[in-house]
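Enquirer: Could you have a look at this structure, given as structure tokens, before my questions?
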Amino acid sequence: MNDMHEAPSHGAEIPSHGVGAPLRDLRVLDLATLFAGPLAATMLGDFGAEVIKVEHPHKPDPSRGHGPSKDGVGLWWKLLGRNKRTVTLDLSSPQGREVLLRLAADADVVIENFRPGTLERWGLGWDALSEANPRLVLARVTGFGQRGPYAQRPGFGTLAEAMSGFAAVTGEPDGPPTLPPFGLADSIAALSTAYAVMTALAGRAHTGRGQVVDMAIIEPMLTVLGPQPLWYDQLGYVQPRTGNRSANNAPRNTYRTADGRWVAVSTSAQSVAERVLRLVGRPEFLDEPWFATGAGRAEHAAELDEAVGGWIARHTRDEVVSAFEDAQAAVAPVYDVRDVMADPQYRALDSITSVEDDELGPVKMQNVLFRLSETPGAIRWAGRRHGADTDAVLGGLGLSEEEIAALREAGVVR
């Protein structure tokens with residue numbers, strides 16, 4: 001392996017790509033910002049792909065400044081930038097274009113999220129990239145896709161959460177449409193992009209050619225919202241806002257416990273619904289004809305909520321969870337992040353793991369997304385400083401120290 005494949009060193013020992021990393025032979029160029037594209041690249045890097053994060057010399061990825069920071073170090077970036085080598089490059093300059101094409105010639109994947117036409121304006125469109133590397137997969141992540149009347153609009157996850165129908169069905173019936181307080185649409189689009197990239201790479205194994213992935217952030221949200229288009233097409237049915245209740249089953253809600261905490265109850269299975277009502281001392285509901293189906297129970301949600309909620313309100317959260325577990329009924333405490341960090345199940349799974357960082361020391365963050373028994377992923381390092389690997393990566397392309405210094409003098413790199 002050349003030195004572009006070696007893990008960076010910053011004092012603490014960092015594992016290199018082990019033989020168990022299933023994507024260790026992939027090289028990914030992450031040109032994207034905020035948040036879907038970069039998170040897709042993070043997911044690939046977690047399972048061994050060599051990810052090179054390309055940022056503007058004077059305009060770093062905005063995630064470096066999003067949310068809380070410690071000692072001037074952005075914390076969100078530590079998560080989003082993990083397992084990535086960071087280089088700076090002004091793609092709009094002729095010299096930056098040439099360097100990017102040289103990087104692309106030896107890459108497998110490029111992920112970008114500029115407005116449609118931006119790469120083309122810089123001479124880095126699909127024609128140029130595929131000429132440099134016919135096996136390249138180019139993932140283009142935008143709010144509205146590469147074509148259509150909205151293609152040129154600025155697009156963010158919030159807009160997808162609104163336009164997909166998600167906000168319209170979220171919230172209380174008499175309240176406003178509700179947006180999530182985190183990047184839901186971006187995260188779902190990131191998962192979808194990582195899947196799309198792997199699918200395109202599988203296609204390349206058969207054809208020998210790369211292709212373009214056109215990922216519109218507004219689309220994955222439609223899939224996860226389920227059969228709403230089918231319902232409307234066949235029945236003219238428009239799903240209303242129902243708060244925590246469901247039109248498909250009941251009881252299904254959050255309930256406050258005697259010690260002021262909250263639990264969530266689900267009864268998607270008929271047998272679970274029966275166990276819950278027996279547990280709370282209301283077995284007479286089981287004899288009602290409407291109790292035999294989820295839709296029937298949903299029509300009587302208020303009665304069921306009163307029965308279940310009244311029982312829960314007389315017991316502490318721990319008592320409720322214990323009793324539901326004994327009854328083999330489905331319940332979960334409503335956690336905030338403090339509870340997540342202390343929960344024994346999350347600890348058993350190592351869902352929140354500790355990573356050594358050269359700026360902050362040990363930091364805790366979410367672990368890789370899933371566990372593979374033979375080829376597990378790993379977090380090799382947290383997000384690195386802006387441009388930390390520029391000299392090493394460009395040197396790996398064969399550029400001399402003098403050539404790199406000239407690029408730095410011209411403002412093409414930092």
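Identifiers for the structure tokens are assigned positionally: chains receive A, B, ... in sequence, residues are indexed from 1 per chain, and ligands are indexed from 1 in the order shown.
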Do you know which residues are at most 7 Å from Thr33 (chain A) counting only C-alpha atoms, after dropping those on the same chain fewer than 3 positions away, and could you put them as a ChimeraX atom specification?
Expert: /A:37-38,61-62,113
Enquirer: Kindly provide the residues of region 161-258 of chain A that approach region 301-316 of chain A to within 7 Å, each paired with its closest atom pair and their distance in Å to one decimal, based on only C-alpha atoms, listed by chain and increasing number, as CSV.
Expert:
```
residue,atom,partner,partner_atom,distance
A:Ala250,CA,A:Ala301,CA,5.6
A:Pro251,CA,A:Leu304,CA,5.7
A:Tyr255,CA,A:Gly309,CA,5.6
A:Arg256,CA,A:Ala313,CA,5.9
A:Thr257,CA,A:Ala313,CA,4.5
A:Ala258,CA,A:Thr316,CA,4.8
```
Enquirer: Name all residues at most 12 Å from Ala128 (chain A) (count only C-alpha atoms; drop same-chain ones fewer than 3 positions away) and give them as a PyMOL selection string.
Expert: chain A and resi 97-98+100-102+104-105+119-125+131-134+136+138
Enquirer: Mind dumping the selected residues with C-alpha atoms as a tab-separated table (two decimals), in the first residue's frame?
Expert:
```tsv
chain	number	residue	atom	x	y	z
A	97	ARG	CA	-9.54	20.84	-10.65
A	98	GLU	CA	-6.41	19.07	-11.84
A	100	LEU	CA	-9.15	16.52	-7.88
A	101	LEU	CA	-9.09	14.68	-11.21
A	102	ARG	CA	-5.85	13.00	-10.15
A	104	ALA	CA	-10.56	10.72	-8.72
A	105	ALA	CA	-8.46	8.66	-11.13
A	119	LEU	CA	-19.33	20.58	-10.69
A	120	GLU	CA	-19.96	21.08	-14.40
A	121	ARG	CA	-19.15	24.78	-14.06
A	122	TRP	CA	-15.81	23.83	-12.53
A	123	GLY	CA	-15.05	21.33	-15.28
A	124	LEU	CA	-15.63	18.43	-12.87
A	125	GLY	CA	-18.91	17.06	-14.14
A	131	GLU	CA	-13.06	10.15	-18.43
A	132	ALA	CA	-10.47	10.28	-15.64
A	133	ASN	CA	-11.82	7.04	-14.16
A	134	PRO	CA	-14.47	5.00	-16.03
A	136	LEU	CA	-15.86	5.75	-10.68
A	138	LEU	CA	-20.40	9.56	-8.44
```
Enquirer: So, with only C-alpha atoms as the atoms that count, which of A:Arg241, A:Asp357, A:Pro173, A:Thr88 lies closest to Arg384 (chain A)?
Expert: A:Asp357
Enquirer: Which residues, written as an NGL selection string, have at least one atom at most 10 Å from Gln152 (chain A), with only C-alpha atoms counted and residues fewer than 5 positions away on the same chain left out?
Expert: :A and (115-117 or 142-147)
Enquirer: Can you check which residues of region 31-154 of chain A DSSP gives as alpha helix (DSSP H) on the backbone and send them as number ranges by chain?
Expert: A: 36-46, 75-80, 94-105, 118-121, 126-132
Enquirer: List as a list in words the protein and nucleic acid residues near region 400-403 of chain A, meaning an atom at most 12 Å away when only C-alpha atoms are counted, but skip any in the same chain fewer than 3 places from it.
Expert: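 Contacts, with the query itself left out: Gln95, Val99, Thr390, Asp391, Ala392, Val393, Leu394, Gly395, Gly396, Leu397, Ala406, Leu407, Arg408, Glu409, Ala410, Val412 and Val413 of chain A.
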Enquirer: Write out the residues from the selection above, keeping C-alpha atoms, as a PDB file, in the first residue's frame.
Expert:
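Output (part.pdb):
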```pdb
ATOM      1  CA  GLN A  95      -5.108  23.839 -10.210  1.00  0.00           C
ATOM      2  CA  VAL A  99      -5.594  17.755  -8.364  1.00  0.00           C
ATOM      3  CA  THR A 390      -3.231  17.715   2.875  1.00  0.00           C
ATOM      4  CA  ASP A 391       0.524  17.285   2.505  1.00  0.00           C
ATOM      5  CA  ALA A 392       0.420  13.517   2.992  1.00  0.00           C
ATOM      6  CA  VAL A 393      -2.422  12.950   0.522  1.00  0.00           C
ATOM      7  CA  LEU A 394      -0.992  15.239  -2.157  1.00  0.00           C
ATOM      8  CA  GLY A 395       2.427  13.726  -1.609  1.00  0.00           C
ATOM      9  CA  GLY A 396       0.849  10.341  -2.194  1.00  0.00           C
ATOM     10  CA  LEU A 397      -0.248  11.605  -5.606  1.00  0.00           C
ATOM     11  CA  ALA A 406       3.154  26.529  -4.793  1.00  0.00           C
ATOM     12  CA  LEU A 407      -0.455  25.397  -4.437  1.00  0.00           C
ATOM     13  CA  ARG A 408      -0.474  26.739  -0.895  1.00  0.00           C
ATOM     14  CA  GLU A 409       0.975  30.056  -2.038  1.00  0.00           C
ATOM     15  CA  ALA A 410      -1.759  30.317  -4.675  1.00  0.00           C
ATOM     16  CA  VAL A 412      -5.515  26.349  -3.700  1.00  0.00           C
ATOM     17  CA  VAL A 413      -4.723  24.466  -0.498  1.00  0.00           C
TER      18      VAL A 413
END
```
Enquirer: Between CA of Pro362 (chain A) and CA of Leu29 (chain A), what distance in Å does the model show, to one decimal?
Expert: 27.1 Å
Enquirer: Given only C-alpha atoms as the basis, pick out the residue of A:Asp127, A:Val73, A:Gly165, A:Gly157 nearest to Pro181 (chain A).
Expert: A:Gly157
Enquirer: Which residue out of A:Met198, A:Ile52, A:Met43, A:Leu129 has the minimum interatomic distance to Ile379 (chain A) when only C-alpha atoms are used?
Expert: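 Between A:Met198, A:Ile52, A:Met43, A:Leu129, the residue approaching Ile379 (chain A) most closely is A:Met43.
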Enquirer: Record the distance separating CA of Glu161 (chain A) and CA of Ala185 (chain A), expressed in Å with one decimal.
Expert: 6.1 Å
Enquirer: Check the smallest atom-to-atom distance from each of A:Ile404, A:Val265, A:Val355, A:Met163 to Pro177 (chain A) using only C-alpha atoms, then report the winner.
Expert: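 So, comparing all the options, the nearest one is A:Met163.
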Enquirer: Residues at most 9 Å from Ala189 (chain A), counting only C-alpha atoms, excluding those fewer than 4 positions away in the same chain, as a ChimeraX atom specification?
Expert: /A:36-37,40,141,157,184-185,193-194,215-221
Enquirer: Kindly give the distance, in Å, that separates CA of Val213 (chain A) and CA of Thr42 (chain A), rounded to a single decimal.
Expert: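 Computing the Euclidean distance for CA of Val213 (chain A) and CA of Thr42 (chain A) yields 17.2 Å.
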